Every structure is written in C-alpha cells, then in structure tokens.
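J.: The structure is given below, and queries will be raised subsequently.
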Amino acid sequence: MSETIVHTNLTVLKVADPHVFEEIRAVMPLDDFVFGQLSDTELIVDPRRLRELVSRLDAKGMAPLLKRV
C-alpha cells in the first residue's frame with residue numbers, strides 16, 4: 001500500500017485541552033496565525049510565522065513543546 005502525501009511543510013499547534021486555545025486567544029491574536037482546524041485540539045498554523053508564534057507564546061509564559069515529524 002502506498003502512502004499519499006497531501007501536504008508538506010505543515011505546522012500543527014496541538015493542545016491537550018481545547019480550552020487552552022481560548023486561553024491563548026485571551027492574551028494574543030492566535031487566529032492571525034491559523035490557516036485551519038484539524039480537530040478540537042489541533043490547529044494548522046502558518047509555517048512561515050512559526051518563529052513569531054513561538055516567540056509570542058514564550059513571552060506570555062506559554063512556551064510550546066516543538067516536535068518535528
């Protein structure tokens with residue numbers, strides 16, 4: 001069985017609890033970085049703005065764990 005690649009260079013912001021997205025939105029304009037939503041706990045974010053997003057989250061005390069797959 002062959003694997004079909006639909007997208008490359010996709011960046012996903014994943015949280016354990018969907019309420020975390022609301023907490024982030026309360027302190028920064030998260031939706032400015034979002035391309036779409038995969039699930040209640042996963043957002044597709046602009047990979048070109050990943051460094052900016054990480055920097056802003058870190059400045060707000062919400063340092064994300066980054067994982068390259």
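The chains in the structure tokens are called A, B, ... from first to last as shown; in each chain the residues are counted from 1, and the ligands are counted from 1 in the order shown.
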Considering only C-alpha atoms, return as a list in words whatever protein or nucleic-acid residues lie within 7 Å of Val12 in chain A, sequence-local ones (same chain, fewer than 4 positions apart) excluded.
T.: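 So the residues in contact are Glu42, Leu43, Ile44 and Val45 of chain A.
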J.: Restricting the output to N, CA and C atoms, write the selected residues as a JSON list (two decimals), in the first residue's frame.
T.:
[["chain", "number", "residue", "atom", "x", "y", "z"],
["A", 42, "GLU", "N", -6.32, 20.62, 17.63],
["A", 42, "GLU", "CA", -5.26, 20.82, 16.65],
["A", 42, "GLU", "C", -5.61, 21.92, 15.64],
["A", 43, "LEU", "N", -4.71, 22.90, 15.55],
["A", 43, "LEU", "CA", -4.87, 23.98, 14.58],
["A", 43, "LEU", "C", -3.71, 23.93, 13.60],
["A", 44, "ILE", "N", -3.98, 24.22, 12.34],
["A", 44, "ILE", "CA", -2.94, 24.34, 11.33],
["A", 44, "ILE", "C", -2.49, 25.80, 11.35],
["A", 45, "VAL", "N", -1.21, 26.03, 11.57],
["A", 45, "VAL", "CA", -0.70, 27.40, 11.63],
["A", 45, "VAL", "C", 0.27, 27.65, 10.48]]
J.: Write out as a short mmCIF file (atom, residue, chain, number, x, y, z; two decimals) with N, CA and C atoms, in the first residue's frame the set of residues from chain A that DSSP, computed on the backbone, places in strand (DSSP E or B).
T.:
data_model
loop_
_atom_site.label_atom_id
_atom_site.label_comp_id
_atom_site.auth_asym_id
_atom_site.auth_seq_id
_atom_site.Cartn_x
_atom_site.Cartn_y
_atom_site.Cartn_z
N THR A 11 2.43 22.90 9.66
CA THR A 11 2.70 23.15 11.07
C THR A 11 1.40 23.05 11.84
N VAL A 12 1.41 22.23 12.90
CA VAL A 12 0.22 22.00 13.70
C VAL A 12 0.48 22.43 15.14
N LEU A 13 -0.41 23.22 15.68
CA LEU A 13 -0.38 23.57 17.10
C LEU A 13 -1.38 22.66 17.78
N LYS A 14 -0.87 21.81 18.67
CA LYS A 14 -1.71 20.81 19.32
C LYS A 14 -1.70 21.05 20.82
N VAL A 34 -3.49 31.24 12.19
CA VAL A 34 -4.18 29.98 11.90
C VAL A 34 -4.68 29.92 10.45
N PHE A 35 -4.37 28.80 9.79
CA PHE A 35 -4.89 28.51 8.45
C PHE A 35 -6.17 27.68 8.50
N GLY A 36 -6.27 26.82 9.51
CA GLY A 36 -7.43 25.93 9.61
C GLY A 36 -7.41 25.12 10.87
N GLN A 37 -8.42 24.30 11.05
CA GLN A 37 -8.55 23.49 12.25
C GLN A 37 -8.71 22.03 11.86
N LEU A 38 -7.88 21.17 12.46
CA LEU A 38 -7.96 19.73 12.21
C LEU A 38 -8.93 19.05 13.18
N SER A 39 -8.93 19.52 14.42
CA SER A 39 -9.80 18.93 15.45
C SER A 39 -9.96 19.96 16.56
N GLU A 42 -6.32 20.62 17.63
CA GLU A 42 -5.26 20.82 16.65
C GLU A 42 -5.61 21.92 15.64
N LEU A 43 -4.71 22.90 15.55
CA LEU A 43 -4.87 23.98 14.58
C LEU A 43 -3.71 23.93 13.60
N ILE A 44 -3.98 24.22 12.34
CA ILE A 44 -2.94 24.34 11.33
C ILE A 44 -2.49 25.80 11.35
N VAL A 45 -1.21 26.03 11.57
CA VAL A 45 -0.70 27.40 11.63
C VAL A 45 0.27 27.65 10.48
#
J.: Quick check, in Å to one decimal: how far apart do CA of Asp58 in chain A and CA of Ala16 in chain A lie?
T.: 17.7 Å
J.: Please return as a list in words: the residues of chain A that backbone DSSP assigns to alpha helix (DSSP H).
T.: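 Output for chain A, alpha helix (DSSP H) only: His19, Val20, Phe21, Glu22, Glu23, Ile24, Arg25, Ala26, Val27, Leu50, Arg51, Glu52, Leu53, Val54, Ser55, Arg56, Leu57, Asp58 and Ala59 of chain A.
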J.: Between A:Lys60, A:Thr8, A:Leu65, A:Leu50, which has the minimum distance to Met28 in chain A (counting only C-alpha atoms)?
T.: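 For Met28 in chain A, the nearest of the candidates is A:Lys60.
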J.: Counting only C-alpha atoms, which residue out of A:Val20, A:Val15, A:Val54, A:Leu66 sits closest to Phe33 in chain A?
T.: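 Looking at the shortest contact to Phe33 in chain A, the residue is A:Val54.
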J.: Expressed in Å to a single decimal, how great is the separation between CA of Thr41 in chain A and CA of Thr4 in chain A?
T.: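 Pair CA of Thr41 in chain A / CA of Thr4 in chain A returns 23.9 Å.
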J.: So what do you get for CA of Met62 in chain A versus CA of Glu23 in chain A, distance-wise?
T.: 9.8 Å
J.: Compile the contact shell of Asn9 in chain A as a ChimeraX atom specification: residues with an atom at most 10 Å away, counting only C-alpha atoms, same-chain residues fewer than 6 positions apart removed.
T.: /A:46-48
